[in-house]
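Chemist: Sharing work_30.txt here; it has compact mmCIF, C-alpha atoms and all ligand atoms.
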```txt
# COMPACT_ATOMS: atom_id res chain seq x y z
CA MET A 1 0.00 0.00 0.00
CA THR A 2 1.26 3.51 -0.77
CA ASP A 3 2.06 6.06 1.92
CA SER A 4 -0.98 8.24 2.52
CA PRO A 5 -0.81 11.51 4.35
CA THR A 6 -3.37 12.01 7.07
CA ILE A 7 -6.70 13.25 5.81
CA GLU A 8 -7.70 16.85 6.38
CA ILE A 9 -11.02 17.24 8.17
CA ILE A 10 -12.75 20.54 7.44
CA GLU A 11 -15.45 21.71 9.83
CA ASN A 12 -18.57 23.50 8.63
CA ALA A 13 -17.54 23.04 4.98
CA ASP A 14 -19.29 24.81 2.10
CA LEU A 15 -21.02 22.27 -0.17
CA GLN A 16 -22.31 24.71 -2.76
CA PRO A 17 -19.36 24.07 -5.13
CA PHE A 18 -19.87 20.31 -4.69
CA ASN A 19 -23.44 20.02 -5.99
CA THR A 20 -24.44 20.66 -9.61
CA MET A 21 -27.74 22.22 -8.42
CA ALA A 22 -25.44 24.82 -6.79
CA VAL A 23 -27.76 25.21 -3.82
CA PRO A 24 -26.24 26.48 -0.58
CA GLY A 25 -25.53 23.94 2.13
CA ARG A 26 -22.83 22.93 4.56
CA ALA A 27 -21.31 19.73 5.90
CA GLU A 28 -20.70 19.52 9.64
CA TYR A 29 -17.41 17.77 8.73
CA PHE A 30 -15.93 17.17 5.28
CA CYS A 31 -12.89 15.35 3.94
CA ARG A 32 -11.48 14.28 0.60
CA VAL A 33 -10.01 10.79 0.28
CA ASP A 34 -7.64 9.80 -2.51
CA ASN A 35 -7.07 6.16 -1.65
CA GLN A 36 -8.37 3.26 0.42
CA GLN A 37 -6.12 3.99 3.40
CA GLN A 38 -7.42 7.54 3.67
CA LEU A 39 -10.95 6.26 3.35
CA LEU A 40 -10.41 3.95 6.33
CA GLN A 41 -8.92 6.88 8.26
CA ALA A 42 -12.05 8.89 7.51
CA LEU A 43 -14.29 6.06 8.71
CA ASP A 44 -12.22 5.73 11.88
CA TYR A 45 -12.64 9.45 12.52
CA ALA A 46 -16.40 9.23 12.06
CA ASN A 47 -16.94 5.99 13.96
CA HIS A 48 -14.94 7.21 16.99
CA ARG A 49 -17.14 10.29 17.19
CA ARG A 50 -20.34 8.42 16.23
CA LEU A 51 -20.81 10.69 13.22
CA PRO A 52 -23.05 9.63 10.34
CA VAL A 53 -21.14 9.31 7.06
CA THR A 54 -22.34 10.52 3.65
CA ALA A 55 -20.59 9.66 0.38
CA LEU A 56 -20.10 12.40 -2.19
CA GLY A 57 -19.04 11.99 -5.81
CA GLY A 58 -19.68 14.62 -8.47
CA GLY A 59 -22.76 15.95 -6.65
CA SER A 60 -24.94 15.63 -9.78
CA ASN A 61 -27.70 13.51 -8.31
CA LEU A 62 -28.46 15.02 -4.96
CA LEU A 63 -30.32 17.93 -3.47
CA LEU A 64 -29.35 19.66 -0.26
CA ALA A 65 -32.55 20.57 1.52
CA ALA A 66 -30.51 21.65 4.55
CA ASP A 67 -27.02 21.18 5.99
CA ILE A 68 -25.63 17.64 6.30
CA ALA A 69 -24.87 16.41 9.80
CA GLY A 70 -21.78 14.24 10.35
CA LEU A 71 -18.91 13.58 7.95
CA VAL A 72 -19.21 14.00 4.18
CA VAL A 73 -16.55 11.91 2.42
CA HIS A 74 -15.61 13.10 -1.05
CA LEU A 75 -14.34 9.99 -2.87
CA ASN A 76 -11.48 10.76 -5.24
CA LEU A 77 -9.91 7.32 -5.65
CA THR A 78 -8.54 6.96 -9.19
CA GLY A 79 -7.26 4.15 -11.40
CA ILE A 80 -8.46 1.95 -14.27
CA HIS A 81 -7.32 -1.68 -14.68
CA ALA A 82 -8.31 -4.15 -17.39
CA SER A 83 -7.91 -7.90 -17.77
CA GLU A 84 -8.83 -9.95 -20.83
CA PHE A 85 -10.97 -12.88 -19.64
CA ALA A 86 -11.66 -14.24 -23.15
CA PRO A 87 -10.31 -13.15 -26.53
CA GLY A 88 -11.59 -9.59 -27.08
CA HIS A 89 -13.54 -9.52 -23.80
CA PHE A 90 -12.36 -7.45 -20.87
CA TYR A 91 -13.16 -6.94 -17.25
CA VAL A 92 -12.40 -3.28 -16.63
CA SER A 93 -12.22 -2.04 -13.03
CA PHE A 94 -12.64 1.66 -12.31
CA ALA A 95 -11.90 3.36 -9.00
CA ALA A 96 -14.84 5.28 -7.53
CA GLY A 97 -13.46 8.77 -8.20
CA GLU A 98 -13.00 8.28 -11.95
CA ASN A 99 -15.19 10.75 -13.83
CA TRP A 100 -17.88 8.77 -15.69
CA HIS A 101 -17.67 10.48 -19.09
CA GLN A 102 -13.87 10.53 -19.10
CA ALA A 103 -13.98 6.80 -18.35
CA VAL A 104 -16.33 6.27 -21.31
CA GLU A 105 -13.94 8.21 -23.57
CA HIS A 106 -10.94 6.26 -22.24
CA CYS A 107 -12.69 2.97 -23.01
CA LEU A 108 -13.52 4.07 -26.55
CA GLN A 109 -9.87 5.02 -27.09
CA GLN A 110 -8.77 1.58 -25.87
CA GLY A 111 -11.33 -0.14 -28.11
CA TRP A 112 -13.35 -1.47 -25.14
CA TYR A 113 -16.94 -1.05 -26.26
CA GLY A 114 -20.33 -1.07 -24.55
CA LEU A 115 -20.56 2.28 -22.77
CA GLU A 116 -21.16 4.56 -25.75
CA ASN A 117 -24.90 5.13 -25.14
CA LEU A 118 -24.03 6.31 -21.64
CA SER A 119 -21.75 9.11 -22.87
CA LEU A 120 -21.81 12.51 -21.17
CA ILE A 121 -23.63 11.45 -18.00
CA PRO A 122 -22.18 13.67 -15.27
CA GLY A 123 -20.74 12.33 -12.04
CA ASN A 124 -18.30 9.67 -10.95
CA MET A 125 -17.96 5.91 -11.27
CA GLY A 126 -18.70 5.20 -7.59
CA ALA A 127 -22.21 6.65 -7.88
CA ALA A 128 -23.12 4.86 -11.11
CA PRO A 129 -24.51 1.74 -9.37
CA ILE A 130 -26.54 3.79 -6.87
CA GLN A 131 -29.31 4.45 -9.36
CA ASN A 132 -28.15 2.02 -12.05
CA ILE A 133 -27.53 4.93 -14.42
CA GLY A 134 -29.14 4.62 -17.80
CA ALA A 135 -29.72 6.49 -21.03
CA TYR A 136 -30.65 5.86 -24.66
CA GLY A 137 -31.61 2.24 -24.13
CA VAL A 138 -28.63 1.06 -22.04
CA GLU A 139 -28.27 0.73 -18.28
CA LEU A 140 -25.20 0.19 -16.13
CA CYS A 141 -26.51 -3.26 -15.15
CA ASP A 142 -26.19 -4.41 -18.79
CA LEU A 143 -22.38 -4.23 -18.41
CA PHE A 144 -21.98 -4.61 -14.66
CA VAL A 145 -19.92 -7.44 -13.18
CA SER A 146 -19.24 -6.50 -9.55
CA LEU A 147 -18.27 -3.73 -7.17
CA GLU A 148 -16.13 -3.33 -4.10
CA ALA A 149 -17.34 -1.27 -1.18
CA ILE A 150 -16.50 -0.59 2.43
CA GLU A 151 -19.29 -1.16 4.90
CA ILE A 152 -19.49 2.06 6.91
CA SER A 153 -20.39 0.54 10.27
CA SER A 154 -17.69 -2.18 10.30
CA GLY A 155 -15.01 -0.89 7.92
CA GLU A 156 -15.16 -4.33 6.19
CA LEU A 157 -14.52 -4.73 2.48
CA VAL A 158 -17.47 -6.29 0.66
CA VAL A 159 -17.71 -7.51 -2.94
CA MET A 160 -21.15 -7.44 -4.54
CA ASP A 161 -22.18 -9.04 -7.84
CA LYS A 162 -25.07 -8.00 -10.05
CA GLN A 163 -27.64 -10.03 -8.13
CA ALA A 164 -26.55 -8.59 -4.79
CA CYS A 165 -26.97 -5.05 -6.13
CA GLN A 166 -30.67 -5.66 -6.94
CA PHE A 167 -30.67 -3.27 -9.89
CA GLY A 168 -33.96 -1.89 -11.18
CA TYR A 169 -35.08 1.11 -13.25
CA ARG A 170 -32.95 3.95 -11.75
CA ASP A 171 -32.81 1.82 -8.63
CA SER A 172 -30.59 -0.56 -6.66
CA ILE A 173 -30.14 -1.92 -3.17
CA PHE A 174 -28.19 1.31 -2.44
CA LYS A 175 -31.43 3.30 -2.64
CA GLN A 176 -33.34 0.68 -0.65
CA ALA A 177 -32.18 -1.62 2.17
CA GLY A 178 -28.51 -0.70 1.63
CA LYS A 179 -29.10 3.06 1.62
CA GLY A 180 -26.26 4.92 3.38
CA ARG A 181 -24.54 1.66 4.43
CA TYR A 182 -21.63 1.48 1.97
CA LEU A 183 -18.87 3.51 0.38
CA ILE A 184 -18.34 2.08 -3.10
CA THR A 185 -14.64 2.09 -3.95
CA GLN A 186 -14.47 0.23 -7.27
CA VAL A 187 -16.78 -0.86 -10.09
CA THR A 188 -15.97 -3.65 -12.59
CA LEU A 189 -17.67 -3.77 -16.00
CA ALA A 190 -17.49 -6.32 -18.84
CA LEU A 191 -16.59 -4.61 -22.12
CA SER A 192 -15.75 -6.00 -25.51
CA SER A 193 -13.52 -5.13 -28.45
CA GLU A 194 -16.34 -6.41 -30.71
CA PRO A 195 -18.76 -3.49 -31.16
CA GLN A 196 -22.39 -4.32 -30.39
CA VAL A 197 -24.03 -1.11 -31.45
CA ASN A 198 -27.46 -0.46 -29.90
CA ILE A 199 -29.35 2.35 -31.62
CA GLN A 200 -32.92 1.19 -31.06
CA TYR A 201 -33.74 4.19 -28.86
CA PRO A 202 -35.94 6.30 -31.17
CA VAL A 203 -34.08 9.63 -31.07
CA LEU A 204 -30.75 7.85 -31.59
CA ALA A 205 -32.12 5.74 -34.45
CA GLU A 206 -33.36 8.95 -36.07
CA ALA A 207 -30.01 10.73 -35.64
CA LEU A 208 -28.11 7.81 -37.18
CA ARG A 209 -30.67 6.78 -39.79
CA GLY A 210 -29.12 5.16 -42.88
CA LYS A 211 -25.75 4.70 -41.17
CA ASP A 212 -23.99 1.63 -39.86
CA PRO A 213 -22.36 3.58 -37.04
CA SER A 214 -19.23 2.72 -35.10
CA PRO A 215 -19.34 2.95 -31.27
CA GLU A 216 -17.44 6.23 -31.58
CA GLN A 217 -20.17 7.61 -33.86
CA VAL A 218 -22.87 6.46 -31.44
CA SER A 219 -21.07 8.23 -28.61
CA ALA A 220 -20.74 11.42 -30.69
CA ALA A 221 -24.45 11.30 -31.57
CA VAL A 222 -25.46 10.81 -27.94
CA CYS A 223 -23.26 13.77 -26.91
CA ARG A 224 -24.77 15.94 -29.65
CA ILE A 225 -28.36 15.08 -28.69
CA ARG A 226 -27.67 15.65 -25.00
CA ARG A 227 -25.96 19.02 -25.60
CA GLU A 228 -28.94 20.19 -27.68
CA LYS A 229 -31.55 19.25 -25.12
CA LEU A 230 -30.07 19.27 -21.64
CA PRO A 231 -28.81 22.31 -19.74
CA ASP A 232 -25.12 22.14 -18.82
CA PRO A 233 -24.98 22.45 -15.02
CA GLN A 234 -21.93 24.74 -15.43
CA ASN A 235 -24.22 27.30 -17.09
CA ILE A 236 -27.63 26.51 -15.57
CA PRO A 237 -27.35 24.54 -12.32
CA ASN A 238 -29.47 21.36 -12.30
CA ALA A 239 -29.41 17.73 -11.21
CA GLY A 240 -30.65 16.13 -14.43
CA SER A 241 -34.07 14.51 -14.36
CA PHE A 242 -35.72 15.54 -11.12
CA PHE A 243 -38.42 12.85 -11.34
CA LYS A 244 -38.39 9.24 -12.45
CA ASN A 245 -40.53 8.29 -15.42
CA PRO A 246 -43.56 6.62 -13.82
CA VAL A 247 -44.56 3.08 -14.74
CA ILE A 248 -48.32 2.74 -14.53
CA GLU A 249 -50.86 -0.12 -14.51
CA ALA A 250 -52.64 -1.07 -17.76
CA GLU A 251 -56.00 -0.04 -16.29
CA LEU A 252 -54.86 3.52 -15.54
CA LEU A 253 -53.17 3.74 -18.94
CA ASP A 254 -56.44 2.82 -20.70
CA ARG A 255 -58.36 5.36 -18.66
CA LEU A 256 -55.85 8.16 -19.37
CA LEU A 257 -55.61 7.34 -23.07
CA GLY A 258 -59.39 7.77 -23.25
CA SER A 259 -59.05 11.50 -22.63
CA ASN A 260 -55.39 12.04 -23.66
CA THR A 261 -55.10 10.19 -26.96
CA SER A 262 -51.62 11.61 -27.73
CA MET A 263 -50.09 10.57 -24.38
CA PRO A 264 -46.73 8.90 -25.17
CA HIS A 265 -46.23 5.57 -23.44
CA PHE A 266 -43.88 2.61 -23.66
CA GLN A 267 -45.15 -0.90 -22.93
CA GLN A 268 -43.14 -2.82 -20.33
CA PRO A 269 -42.70 -6.61 -20.33
CA ASP A 270 -45.08 -6.90 -17.34
CA ASN A 271 -47.99 -5.26 -19.21
CA ARG A 272 -47.51 -1.96 -17.40
CA ALA A 273 -46.43 1.16 -19.32
CA LYS A 274 -43.78 3.82 -18.81
CA VAL A 275 -45.03 7.39 -19.34
CA PRO A 276 -42.48 10.20 -19.86
CA ALA A 277 -42.73 12.41 -16.78
CA ALA A 278 -41.65 15.37 -18.92
CA TRP A 279 -44.86 15.07 -20.97
CA LEU A 280 -47.04 14.98 -17.84
CA ILE A 281 -45.29 18.04 -16.40
CA ASP A 282 -45.54 19.89 -19.70
CA GLN A 283 -49.28 19.16 -19.91
CA CYS A 284 -49.70 20.72 -16.47
CA GLY A 285 -48.15 23.93 -17.78
CA PHE A 286 -44.83 23.89 -15.92
CA ARG A 287 -42.33 23.74 -18.81
CA GLY A 288 -40.28 26.94 -18.88
CA LEU A 289 -41.96 28.22 -15.72
CA ARG A 290 -39.88 30.32 -13.35
CA SER A 291 -40.90 30.61 -9.74
CA GLY A 292 -38.71 33.04 -7.79
CA ASN A 293 -35.14 31.78 -8.01
CA VAL A 294 -35.93 28.30 -9.33
CA GLY A 295 -37.68 26.92 -12.38
CA VAL A 296 -38.42 24.22 -14.93
CA HIS A 297 -36.16 24.00 -17.97
CA GLN A 298 -37.59 25.32 -21.23
CA HIS A 299 -36.51 22.36 -23.40
CA GLN A 300 -36.87 19.51 -20.89
CA ALA A 301 -39.65 19.75 -18.30
CA LEU A 302 -38.11 16.93 -16.27
CA VAL A 303 -35.16 19.13 -15.31
CA LEU A 304 -35.59 21.61 -12.47
CA VAL A 305 -33.12 24.49 -12.69
CA ASN A 306 -31.68 26.80 -10.09
CA PHE A 307 -31.20 30.54 -10.66
CA GLY A 308 -29.79 31.18 -7.20
CA GLY A 309 -32.42 29.61 -4.97
CA THR A 310 -32.24 27.11 -2.15
CA GLY A 311 -32.91 23.38 -1.89
CA ALA A 312 -36.12 24.19 0.00
CA GLU A 313 -37.32 26.34 -2.92
CA ILE A 314 -36.57 23.53 -5.36
CA LEU A 315 -38.49 21.08 -3.17
CA HIS A 316 -41.43 23.48 -2.94
CA LEU A 317 -41.62 23.69 -6.74
CA ALA A 318 -41.24 19.89 -6.98
CA GLN A 319 -44.20 19.48 -4.62
CA GLN A 320 -46.35 21.81 -6.74
CA ILE A 321 -45.50 19.73 -9.82
CA GLN A 322 -46.23 16.46 -8.01
CA ASP A 323 -49.60 17.80 -6.79
CA ALA A 324 -50.60 19.01 -10.27
CA VAL A 325 -49.65 15.71 -11.95
CA GLN A 326 -51.43 13.72 -9.24
CA GLU A 327 -54.55 15.82 -9.56
CA ARG A 328 -54.75 15.70 -13.35
CA PHE A 329 -53.39 12.21 -14.13
CA SER A 330 -53.66 10.30 -10.82
CA ILE A 331 -49.92 9.56 -11.12
CA ALA A 332 -47.50 10.00 -8.21
CA LEU A 333 -44.18 11.34 -9.49
CA GLU A 334 -41.18 10.05 -7.54
CA ILE A 335 -38.19 12.34 -6.99
CA GLU A 336 -35.01 10.85 -8.50
CA PRO A 337 -32.06 12.62 -6.79
CA GLN A 338 -31.15 11.77 -3.22
CA ILE A 339 -32.44 14.45 -0.86
CA TYR A 340 -30.27 15.42 2.12
CA GLY A 341 -31.21 17.39 5.19
CA LEU A 342 -34.86 16.38 5.45
CA PRO A 343 -36.12 15.24 8.85
CA GLU A 344 -36.31 11.39 8.92
P1 LIG A 401 -23.49 12.24 -6.31
O1 LIG A 401 -24.52 13.23 -6.73
O2 LIG A 401 -22.25 12.73 -5.69
O3 LIG A 401 -24.18 11.19 -5.34
C1 LIG A 401 -25.44 10.63 -5.66
C2 LIG A 401 -25.78 9.62 -4.57
O4 LIG A 401 -24.86 8.55 -4.61
C3 LIG A 401 -25.69 10.19 -3.17
O5 LIG A 401 -26.65 9.55 -2.38
C4 LIG A 401 -24.31 9.78 -2.69
O6 LIG A 401 -24.22 9.66 -1.28
C5 LIG A 401 -24.15 8.45 -3.37
N1 LIG A 401 -22.76 8.14 -3.70
C6 LIG A 401 -21.95 8.84 -4.52
N2 LIG A 401 -20.76 8.22 -4.62
C7 LIG A 401 -20.82 7.12 -3.84
C8 LIG A 401 -19.91 6.10 -3.52
N3 LIG A 401 -18.68 6.04 -4.04
N4 LIG A 401 -20.31 5.13 -2.66
C9 LIG A 401 -21.55 5.14 -2.10
N5 LIG A 401 -22.45 6.09 -2.38
C10 LIG A 401 -22.09 7.07 -3.25
N6 LIG A 401 -28.43 9.87 -14.54
C11 LIG A 401 -28.77 8.82 -15.33
O7 LIG A 401 -29.00 7.71 -14.85
N7 LIG A 401 -28.85 8.96 -16.70
C12 LIG A 401 -28.62 10.13 -17.32
O8 LIG A 401 -28.69 10.21 -18.53
C13 LIG A 401 -28.31 11.26 -16.50
N8 LIG A 401 -28.11 12.47 -17.07
C14 LIG A 401 -27.85 13.56 -16.27
C15 LIG A 401 -27.69 14.81 -16.89
C16 LIG A 401 -27.40 15.93 -16.10
C17 LIG A 401 -27.24 17.27 -16.77
C18 LIG A 401 -27.25 15.79 -14.70
C19 LIG A 401 -26.90 16.99 -13.87
C20 LIG A 401 -27.42 14.56 -14.10
C21 LIG A 401 -27.73 13.43 -14.87
N9 LIG A 401 -27.93 12.15 -14.30
C22 LIG A 401 -28.22 11.07 -15.10
C23 LIG A 401 -27.83 11.98 -12.84
C24 LIG A 401 -26.37 11.75 -12.34
O9 LIG A 401 -25.44 12.26 -13.24
C25 LIG A 401 -26.05 10.28 -12.08
O10 LIG A 401 -26.96 9.72 -11.18
C26 LIG A 401 -24.63 10.08 -11.54
O11 LIG A 401 -24.36 8.70 -11.43
C27 LIG A 401 -24.40 10.75 -10.18
O12 LIG A 401 -23.01 10.70 -9.91
P2 LIG A 401 -22.32 11.65 -8.86
O13 LIG A 401 -20.91 11.20 -8.71
O14 LIG A 401 -22.51 13.06 -9.24
O15 LIG A 401 -23.16 11.29 -7.55
P1 LIG A 402 -36.68 11.29 -24.39
O1 LIG A 402 -35.88 10.69 -25.48
O2 LIG A 402 -37.38 12.58 -24.61
O3 LIG A 402 -37.74 10.20 -23.90
C1 LIG A 402 -38.60 10.50 -22.82
C2 LIG A 402 -38.71 9.30 -21.94
O4 LIG A 402 -39.41 8.26 -22.65
C3 LIG A 402 -37.37 8.77 -21.59
O5 LIG A 402 -37.09 9.12 -20.30
C4 LIG A 402 -37.45 7.27 -21.82
O6 LIG A 402 -37.31 6.49 -20.65
C5 LIG A 402 -38.79 7.01 -22.42
N1 LIG A 402 -38.53 6.32 -23.68
C6 LIG A 402 -38.21 6.86 -24.86
N2 LIG A 402 -38.12 5.90 -25.80
C7 LIG A 402 -38.33 4.73 -25.18
C8 LIG A 402 -38.37 3.37 -25.61
N3 LIG A 402 -38.18 3.04 -26.89
N4 LIG A 402 -38.62 2.43 -24.70
C9 LIG A 402 -38.86 2.75 -23.43
N5 LIG A 402 -38.83 4.00 -22.96
C10 LIG A 402 -38.59 4.98 -23.82
O7 LIG A 402 -35.77 11.39 -23.07
P2 LIG A 402 -34.73 12.51 -22.62
O8 LIG A 402 -35.27 13.16 -21.42
O9 LIG A 402 -34.27 13.32 -23.79
O10 LIG A 402 -33.50 11.62 -22.13
C11 LIG A 402 -32.79 10.80 -23.05
C12 LIG A 402 -32.18 9.64 -22.27
O11 LIG A 402 -31.23 10.12 -21.32
C13 LIG A 402 -33.20 8.83 -21.48
O12 LIG A 402 -32.80 7.49 -21.50
C14 LIG A 402 -33.10 9.40 -20.09
O13 LIG A 402 -33.44 8.45 -19.10
C15 LIG A 402 -31.63 9.80 -20.01
N6 LIG A 402 -31.46 10.97 -19.13
C16 LIG A 402 -31.51 10.79 -17.80
C17 LIG A 402 -31.32 11.86 -16.94
C18 LIG A 402 -31.31 11.66 -15.45
O14 LIG A 402 -30.93 12.56 -14.73
N7 LIG A 402 -31.70 10.50 -14.97
C19 LIG A 402 -31.11 13.12 -17.44
C20 LIG A 402 -31.09 13.28 -18.81
C21 LIG A 402 -31.26 12.20 -19.66
P3 LIG A 402 -35.85 6.05 -20.10
O15 LIG A 402 -35.56 7.08 -19.08
O16 LIG A 402 -36.12 4.72 -19.52
O17 LIG A 402 -34.89 6.02 -21.21
```
Is it possible to give me this structure as structure tokens?
Ligand code: FAD
Ligand code: NAP
Modeler:
Amino acid sequence: MTDSPTIEIIENADLQPFNTMAVPGRAEYFCRVDNQQQLLQALDYANHRRLPVTALGGGSNLLLAADIAGLVVHLNLTGIHASEFAPGHFYVSFAAGENWHQAVEHCLQQGWYGLENLSLIPGNMGAAPIQNIGAYGVELCDLFVSLEAIEISSGELVVMDKQACQFGYRDSIFKQAGKGRYLITQVTLALSSEPQVNIQYPVLAEALRGKDPSPEQVSAAVCRIRREKLPDPQNIPNAGSFFKNPVIEAELLDRLLGSNTSMPHFQQPDNRAKVPAAWLIDQCGFRGLRSGNVGVHQHQALVLVNFGGTGAEILHLAQQIQDAVQERFSIALEIEPQIYGLPE
């Protein structure tokens, strides 16, 4: 193990630069860890003082509703290692602090394919399993092999395979029974030098119509589409989709289609249907709306944007949207980012 200097614990640390919503908020204690030894030091510090521990990556999927009590650990572990387990097939392990999009680009450069549809998703590798990140018809679980994590209460190293992670649509054990219990340190994916291009997702198929695209071209198309539609948090602070796309029962779908014939919907294998939350929010008149210092993005109603407001203001707007969608469509929208600082 390499020599690691003692971690620096900062009291009452400013978290505004560490969340892409750019809302104000503070951590009671904060530290950055660059390797496993420092991470164990941080856990020791917290456990001795009985402080709760919160993991922080790129801060692109959380909302600070208030300050965070205890120790916030900013995971910056880096490193990428690959091993060829069959000709042209690789297990690639990424440390938790690797930036997701840079990792996708690195893999493309190496000729390790599979991640191209997930290009340009903000955040770090360690957070990718938390909500089983997905976009344009591919989810992390399609490539996932295993992860390593440290259990916060015991400091023990655990290895979890795909089954143990209980992945679902923008969901995993880390948002359910395992919430707040682990610090993920490494993620291993299975990638291949044989391209298996997946352009079934309608907007991608349209962008690449008539082409037999390479993985690099798929990645470029995904980046182009995303840049056209989604606000860059550097310019307009946001946390991506603020609500999950609801999956509704066939009975409710039939009823809604009776009075909303143009409602887009995607049949699921279990006879339920996914309805784009953006469409529901748009129908309720929220797209482009600004309310004080927060608002709903003009081009994508699923994205709440911050013009200098607080987490509480964002949550207030979110509640208004949820109430309107419930009232008009009888659908309960579920918030996607992790909310911090709410009373339990
Ligand atoms: P953070 O926001 O830092 O953390 C999110 C949660 O994970 C927190 O609960 C945190 O405690 C926990 N966590 C973070 N790191 C660890 C760790 N190492 N161990 C244990 N827990 C950890 N998501 C998609 O799925 N698909 C998209 O297409 C997509 N597009 C987006 C576009 C924009 C413009 C934005 C702003 C966000 C988008 N997101 C998308 C959401 C977000 O980028 C992902 O969820 C991403 O994986 C979050 O990574 P992060 O490092 O920023 O996590
Ligand atoms: P979009 O293409 O306008 O589509 C709207 C929604 O309809 C999507 O969310 C998608 O669900 C669903 N959909 C579209 N085609 C589908 C199909 N053939 N089968 C099943 N479901 C289908 O979506 P968008 O908002 O521009 O986002 C594009 C992609 O990036 C989506 O996959 C989205 O999830 C992802 N994204 C996620 C975030 C985030 O923060 N989570 C932010 C931006 C973009 P799915 O979500 O299941 O794809």
Chemist: Would you mind telling me which residue in A:Ser119, A:Ser291, A:Ser146, A:Gln166 lies nearest to ligand LIG 402 (chain A) when using only C-alpha atoms and all ligand atoms?
Modeler: A:Ser119
Chemist: Tell me, as a PyMOL selection string, which residues lie within 9 Å of Tyr169 of chain A, counting only C-alpha atoms; anything in the same chain fewer than 6 positions away does not count.
Modeler: chain A and resi 131-134+139+244
Chemist: Deliver the residues from the most recent selection as a file, using C-alpha atoms, as a PDB file, keeping the file's coordinate frame.
Modeler:
```
ATOM      1  CA  GLN A 131     -29.310   4.450  -9.360  1.00  0.00           C
ATOM      2  CA  ASN A 132     -28.150   2.020 -12.050  1.00  0.00           C
ATOM      3  CA  ILE A 133     -27.530   4.930 -14.420  1.00  0.00           C
ATOM      4  CA  GLY A 134     -29.140   4.620 -17.800  1.00  0.00           C
ATOM      5  CA  GLU A 139     -28.270   0.730 -18.280  1.00  0.00           C
ATOM      6  CA  LYS A 244     -38.390   9.240 -12.450  1.00  0.00           C
TER       7      LYS A 244
END
```
Chemist: With only C-alpha atoms as the basis for distance, which of A:Gly295, A:Pro122, A:Pro129, A:Gly288 is at the shortest distance from Cys223 of chain A?
Modeler: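 Checking each of A:Gly295, A:Pro122, A:Pro129, A:Gly288 against Cys223 of chain A, counting only C-alpha atoms, the winner is A:Pro122.
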Chemist: Would you mind telling me which residue in A:Leu77, A:Ile331, A:Ile173, A:Val247 lies nearest to ligand LIG 402 (chain A) when using only C-alpha atoms and all ligand atoms?
Modeler: A:Val247
Chemist: Which residues are near ligand LIG 402 (chain A) in this structure, taking near to mean any atom at most 6 Å from a ligand atom and counting all atoms listed in the file? Format them as a ChimeraX atom specification.
Modeler: /A:134-137,201-203,240-241,266,276
Chemist: Can you pull out every residue within 6 Å of segment 88-100 of chain A, counting only C-alpha atoms, but drop anything in the same chain fewer than 4 positions away, and send it as a PDB file with C-alpha atoms, in the frame of the given file?
Modeler:
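This went into around29.pdb:
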```
ATOM      1  CA  LEU A  75     -14.340   9.990  -2.870  1.00  0.00           C
ATOM      2  CA  ASN A  76     -11.480  10.760  -5.240  1.00  0.00           C
ATOM      3  CA  LEU A  77      -9.910   7.320  -5.650  1.00  0.00           C
ATOM      4  CA  THR A  78      -8.540   6.960  -9.190  1.00  0.00           C
ATOM      5  CA  GLY A  79      -7.260   4.150 -11.400  1.00  0.00           C
ATOM      6  CA  ILE A  80      -8.460   1.950 -14.270  1.00  0.00           C
ATOM      7  CA  HIS A  81      -7.320  -1.680 -14.680  1.00  0.00           C
ATOM      8  CA  ALA A  82      -8.310  -4.150 -17.390  1.00  0.00           C
ATOM      9  CA  SER A  83      -7.910  -7.900 -17.770  1.00  0.00           C
ATOM     10  CA  GLU A  84      -8.830  -9.950 -20.830  1.00  0.00           C
ATOM     11  CA  GLY A 123     -20.740  12.330 -12.040  1.00  0.00           C
ATOM     12  CA  ASN A 124     -18.300   9.670 -10.950  1.00  0.00           C
ATOM     13  CA  MET A 125     -17.960   5.910 -11.270  1.00  0.00           C
ATOM     14  CA  GLY A 126     -18.700   5.200  -7.590  1.00  0.00           C
ATOM     15  CA  THR A 185     -14.640   2.090  -3.950  1.00  0.00           C
ATOM     16  CA  GLN A 186     -14.470   0.230  -7.270  1.00  0.00           C
ATOM     17  CA  VAL A 187     -16.780  -0.860 -10.090  1.00  0.00           C
ATOM     18  CA  THR A 188     -15.970  -3.650 -12.590  1.00  0.00           C
ATOM     19  CA  LEU A 189     -17.670  -3.770 -16.000  1.00  0.00           C
ATOM     20  CA  ALA A 190     -17.490  -6.320 -18.840  1.00  0.00           C
ATOM     21  CA  LEU A 191     -16.590  -4.610 -22.120  1.00  0.00           C
ATOM     22  CA  SER A 192     -15.750  -6.000 -25.510  1.00  0.00           C
ATOM     23  CA  SER A 193     -13.520  -5.130 -28.450  1.00  0.00           C
TER      24      SER A 193
END
```
Chemist: Given the choices A:Ser172, A:Gln300, A:Lys162, A:Pro246, which gets closest to Glu228 of chain A if the distance is worked out from only C-alpha atoms?
Modeler: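 Ranking A:Ser172, A:Gln300, A:Lys162, A:Pro246 by distance to Glu228 of chain A, first place goes to A:Gln300.
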Chemist: Determine, counting only C-alpha atoms, which protein, DNA and RNA residues have an atom within 7 Å of an atom of segment 303-308 of chain A; residues of the same chain fewer than 2 positions away are not included. Present the result as a list in words.
Modeler: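 Contacts, in chain order: Met21, Ile236, Pro237, Asn238, Gly240, Ser241, Phe242, Asn293, Val294, Gly295, Val296, His297, Gln300, Ala301 and Thr310 of chain A.
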Chemist: Nearest residue to Gln200 of chain A out of A:Asp171, A:Glu151, A:Gln110, A:Asn117, using only C-alpha atoms?
Modeler: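 Looking at the shortest contact to Gln200 of chain A, the residue is A:Asn117.
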